[in-house]
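Trainee: Got a structure here, written out as structure tokens. Questions coming.
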Amino acid sequence: MVVRFLKQLKRTAGRHAFLLVVLTPAALWILAFRYFPIAYLADLSLQTGAAGRSKFVGLTNYQAALSDSIFHTAVLNTIEYTVLFLVVQLPLALLIAVGINSLRRQSVRQAVLTLYFLPLVASTAAMAVVFVYLYHPVYGLLNYGLTSIGLPALSYLHSSTQALPAVAAMAVWKSLGFPVIIFLAGLLSIPRELYDAAAVDGAGAWLRFWGITLPLLRPTTTLLLVIQGVESLRAFTPVYVMTATSGSAAGGPNNATLVWSLDIFQLAFQFNRFGYAAALAMFMFIIVAIFMVIQVKTTRAGWEY
Amino acid sequence: MTVSSTRRLAEAQPWPWRQLRGLATRRSWPRIGGLAVLWVGGLLMVVPFVWMVISSFKSAEEILSLPPTLLPKDPTLENYREILAGGFGRYMLNSVVVTTATTASIVISSAALGFVFAKTRFVGRDLIFAAFLATMALPFEVLAIPLLIMFQPLGAVDQEWGLVVPFMVDVFAVYICRQYMASIPNDYLDAARVDGLGDFRIFWHIVLPMSRPAIAAVAILSFLYNWDQLFWPLVLITSQQNATVPLGIVDLSTQFGPIYNLTMAASTITVVPTVIVFFIFRRQFVEGMMMQGLKG
């Protein structure tokens, strides 16, 4: 009897052993390195002072953030950067995807696609430094190109109006291949018959694009808006590397490229203001979470067609 | 360019000239314009790479010369020698170790968890899966503050393993594997269960071999993503001997001011390996990108 029970137990344990071996460490990891830190962050945001000598201050940090002009600058810069990035990258990517989709030969498609993919696999920090050199006001290739066709030279990273667009341009270049391939997948999923039917009815290429392609790419576009939007909302590497290595300080000149994540980084890790930085991080978390909820909602809706 | 030379070019190079000519006869000028933009745009995408490689062989004087020289007058390997002597080899080694360890952990965990969430049944499975997925709403920049405070008493500051631990599981990679494995018909698994195979064997002998595309995609995307990490190393690593490549690149240009001949050489040896990896695994990479479009 006992022996049989033990055997039974062993068999059940054996059947679920794999499950437990896989799930237990993963669940513990998620709790320790994702759920605990976010709870800890919320706690930190209600305190002031360095870790260990902290004092509970309630919502003071959040109130301070709302009237902190540097944080306002950071949020506005982040919004400007995100809008610039999306407005340039997504239409450009759609154009390229339509172009690639119209290529007939598979080998040619692959070749063109490869060109657009290369920046995607290259290290961001390494390519940011290359752009710093391309943007050099005197010796840079870009200004050489501009002046040799008679246009005035620009100062890019050294100008407080041009620095943020210059960084955004690098970011557009770096990740352009991603929306291209996603749009291409979206285009391939549009049934050919729709175009044939429209052509029979006499719709030209332009009308077919506006009437069929664009509306049917709506779910793809929403998805890309959210993914790329969140990516640029938390952008750090291109901004940090390009501004820190171009001669001015990170976020410069004159805080013109101080974005949200850079503000958090400097406050927390350079000025040791953990409590205040935690409050700014909580704001960012809330915004990203809202975006994620929108994404889940829209993709669900997208599945219905 | 004369007409005859254009024609000769068209005959010598089947593409894109022949297609352009064929299109021209059909007078679809917008299409030709589109193709031209596509190719010019594609070539512009590559300009920074080409300029980086060319510049890395120029001397310190030549790199700051006006007008810029198209090809190095006197190609030199001095820049490479100098950055390797300055410890760049060490950064490469650190990056390879950290990235490989992280990628291995992500591949193993997402394959196993993908199977657990797709093909096993237990109470609360979907709830636990949702709890995993919800963490995608946590940007790492937000988690870095509490993580650093947690890591200080653990002695993980300025340690290589401290760079690996916060990225050992990638929830999105789990999601990719889970979706892929869910599409494997249950008939295969049921047949194996009837034969008395346990979960592990079903996973190892049936599901894993059938999920190779998803796992390859996860592996290559994780490798590239983690090779690129800057935020966390910048926070955690304080000594030069533990620095990774992105940190090394930033250091190189912030400490001594931008010395472009050196930074171009450093960027080249950082970028070239990943570009080679890309050309070897291009198909897996494209598939991985497409799977990312399933996000949500």
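The chains in the structure tokens are called A, B, ... from first to last as shown; in each chain the residues are counted from 1, and the ligands are counted from 1 in the order shown.
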When the cut-off is 6 Å and we count only C-alpha atoms, which residues of chain B are near chain A, given as a list of chain:residue names?
Mentor: B:Gly42, B:Leu64, B:Ala137, B:Val142, B:Pro146, B:Gly198, B:Phe200, B:Asp228, B:Pro246, B:Ser253, B:Thr254, B:Ser267, B:Val271, B:Gly293, B:Gly296
Trainee: Which residues are near stretch 230-241 of chain B? Cut-off 9 Å, only C-alpha atoms, ignore same chain within fewer than 2 positions. Put them as a ChimeraX atom specification.
Mentor: /A:124-125,236-237,265,269 /B:87,90-91,94,140-141,144-145,148,151,156-160,162-163,226-228,243-248
Trainee: Of the candidates B:Val96, B:Val194, B:Ile128, B:Ile259, which shows the shortest atom-to-atom distance to B:Ser55, using only C-alpha atoms?
Mentor: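 Result for the nearest residue to B:Ser55: B:Ile259.
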Trainee: Show me, as a ChimeraX atom specification, the residues that have an atom within 12 Å of B:Asp170 when counting only C-alpha atoms, minus same-chain residues fewer than 6 positions from it.
Mentor: /A:26,29-30,33-34 /B:102-111,113-114,132-133,135-136,138,140,164,176-177,218-219,221-223,225-226
Trainee: May I ask which of the residues A:Thr82, A:Leu194, A:Leu94, A:Gln228 is the closest one to B:Gln292, counting only C-alpha atoms?
Mentor: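 Residue with the minimum atom-to-atom distance to B:Gln292: A:Gln228.
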Trainee: List every residue of stretch 5-85 of chain A that DSSP, applied to the backbone, labels as helix (DSSP H, G or I), and write the result as a short mmCIF file (atom, residue, chain, number, x, y, z; two decimals) with C-alpha atoms, in the first residue's frame.
Mentor:
data_model
loop_
_atom_site.label_atom_id
_atom_site.label_comp_id
_atom_site.auth_asym_id
_atom_site.auth_seq_id
_atom_site.Cartn_x
_atom_site.Cartn_y
_atom_site.Cartn_z
CA PHE A 5 1.48 5.29 -2.88
CA LEU A 6 5.15 6.23 -3.05
CA LYS A 7 5.34 4.90 -6.60
CA GLN A 8 2.31 6.94 -7.53
CA LEU A 9 3.84 10.03 -5.95
CA LYS A 10 7.07 9.45 -7.78
CA ARG A 11 5.25 9.12 -11.06
CA THR A 12 3.26 12.33 -10.60
CA ALA A 13 6.38 14.17 -9.45
CA GLY A 14 8.23 12.70 -12.40
CA ARG A 15 5.57 13.84 -14.82
CA HIS A 16 5.64 17.36 -13.47
CA ALA A 17 9.34 17.48 -12.71
CA PHE A 18 10.20 19.24 -15.96
CA LEU A 19 7.50 21.81 -15.37
CA LEU A 20 8.80 22.60 -11.90
CA VAL A 21 12.43 22.66 -12.96
CA VAL A 22 11.65 25.16 -15.70
CA LEU A 23 9.02 27.31 -14.08
CA THR A 24 10.37 27.72 -10.54
CA PRO A 25 13.65 29.48 -11.37
CA ALA A 26 12.02 31.56 -14.11
CA ALA A 27 9.20 32.68 -11.83
CA LEU A 28 11.67 33.51 -9.05
CA TRP A 29 13.77 35.49 -11.53
CA ILE A 30 10.75 37.46 -12.76
CA LEU A 31 9.76 38.25 -9.19
CA ALA A 32 13.28 39.24 -8.14
CA PHE A 33 14.37 41.21 -11.20
CA ARG A 34 11.12 42.63 -12.56
CA TYR A 35 8.30 42.77 -9.99
CA PHE A 36 10.39 43.50 -6.91
CA PRO A 37 12.38 46.33 -8.58
CA ILE A 38 9.26 48.11 -9.83
CA ALA A 39 7.73 47.93 -6.34
CA TYR A 40 11.02 49.11 -4.89
CA LEU A 41 11.08 51.96 -7.42
CA ALA A 42 7.62 53.08 -6.33
CA ASP A 43 8.84 53.02 -2.74
CA LEU A 44 12.01 54.97 -3.61
CA THR A 60 6.99 65.60 -2.73
CA ASN A 61 9.19 64.20 -5.50
CA TYR A 62 6.25 64.05 -7.91
CA GLN A 63 5.24 67.60 -7.05
CA ALA A 64 8.81 68.76 -7.52
CA ALA A 65 8.92 67.05 -10.94
CA LEU A 66 5.81 68.91 -12.09
CA SER A 69 11.88 73.23 -15.63
CA ILE A 70 14.73 70.86 -16.56
CA PHE A 71 12.36 67.90 -16.43
CA HIS A 72 9.90 69.85 -18.56
CA THR A 73 12.68 70.42 -21.09
CA ALA A 74 13.49 66.71 -21.01
CA VAL A 75 9.87 65.70 -21.63
CA LEU A 76 9.45 68.25 -24.42
CA ASN A 77 12.70 67.11 -26.03
CA THR A 78 11.54 63.51 -25.78
CA ILE A 79 8.23 64.36 -27.43
CA GLU A 80 9.94 66.36 -30.17
CA TYR A 81 12.41 63.53 -30.76
CA THR A 82 9.67 60.88 -30.84
CA VAL A 83 7.44 62.87 -33.21
CA LEU A 84 10.33 63.69 -35.55
CA PHE A 85 11.44 60.07 -35.51
#
Trainee: Rounded to one decimal in Å, what is the spacing between atom CA of B:Met45 and atom CA of B:Leu252?
Mentor: 25.5 Å
Trainee: Hey, what's within 12 Å of A:Ile212 if we count only C-alpha atoms and toss same-chain stuff fewer than 6 positions away? As an MDAnalysis selection string, please?
Mentor: chainID A and resid 187 190:199 203:206 218
Trainee: Residues of the last selection are to be written out with N, CA and C atoms, as a CSV table (one decimal), in the first residue's frame.
Mentor:
chain,number,residue,atom,x,y,z
A,187,LEU,N,2.1,44.2,-46.4
A,187,LEU,CA,1.7,44.3,-47.9
A,187,LEU,C,1.5,42.9,-48.5
A,190,ILE,N,-2.0,41.4,-48.0
A,190,ILE,CA,-3.1,41.9,-48.7
A,190,ILE,C,-3.4,41.1,-49.9
A,191,PRO,N,-4.7,40.5,-50.0
A,191,PRO,CA,-5.0,39.6,-51.1
A,191,PRO,C,-4.8,40.3,-52.5
A,192,ARG,N,-4.2,39.7,-53.5
A,192,ARG,CA,-4.0,40.2,-54.8
A,192,ARG,C,-5.3,40.6,-55.5
A,193,GLU,N,-6.3,39.7,-55.2
A,193,GLU,CA,-7.6,39.9,-55.9
A,193,GLU,C,-8.2,41.3,-55.8
A,194,LEU,N,-7.9,41.9,-54.5
A,194,LEU,CA,-8.4,43.2,-54.3
A,194,LEU,C,-7.9,44.2,-55.3
A,195,TYR,N,-6.6,44.1,-55.6
A,195,TYR,CA,-6.0,45.0,-56.6
A,195,TYR,C,-6.5,44.7,-58.0
A,196,ASP,N,-6.6,43.4,-58.3
A,196,ASP,CA,-7.1,43.1,-59.6
A,196,ASP,C,-8.5,43.6,-59.9
A,197,ALA,N,-9.3,43.4,-58.8
A,197,ALA,CA,-10.7,43.9,-59.0
A,197,ALA,C,-10.7,45.4,-59.2
A,198,ALA,N,-9.9,46.1,-58.4
A,198,ALA,CA,-9.9,47.6,-58.5
A,198,ALA,C,-9.4,48.0,-59.8
A,199,ALA,N,-8.4,47.3,-60.4
A,199,ALA,CA,-7.8,47.6,-61.7
A,199,ALA,C,-8.9,47.4,-62.8
A,203,ALA,N,-9.4,51.7,-61.4
A,203,ALA,CA,-8.7,52.5,-60.4
A,203,ALA,C,-7.2,52.5,-60.8
A,204,GLY,N,-6.6,53.7,-60.8
A,204,GLY,CA,-5.2,53.8,-61.1
A,204,GLY,C,-4.4,53.4,-59.9
A,205,ALA,N,-3.0,53.4,-60.1
A,205,ALA,CA,-2.1,53.0,-59.1
A,205,ALA,C,-2.3,53.8,-57.8
A,206,TRP,N,-2.5,55.1,-58.0
A,206,TRP,CA,-2.6,56.0,-56.9
A,206,TRP,C,-3.8,55.8,-56.0
A,218,ARG,N,-3.7,49.6,-41.7
A,218,ARG,CA,-3.9,50.3,-40.5
A,218,ARG,C,-3.4,49.5,-39.3
Trainee: Interatomic distance between atom CA of B:Leu93 and atom CA of B:Ile269?
Mentor: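 So the answer is 12.4 Å.
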Trainee: Excluding B:Asp74 and residues on its chain fewer than 2 positions from it, collect all residues at most 8 Å away from it, counting only C-alpha atoms, and give them as a count of residues only.
Mentor: 4
Trainee: Based on DSSP run over this structure's backbone, return all residues of stretch 21-263 of chain A in strand (DSSP E), as a list of chain:residue names.
Mentor: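 Filtering stretch 21-263 of chain A to strand (DSSP E) leaves A:Gln47, A:Thr48, A:Lys55, A:Phe56.
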Trainee: Just how far from atom CA of B:Met289 is atom CA of B:Ala112, in Å to one decimal?
Mentor: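 So the two atoms, atom CA of B:Ala112 and atom CA of B:Met289, lie 21.3 Å apart.
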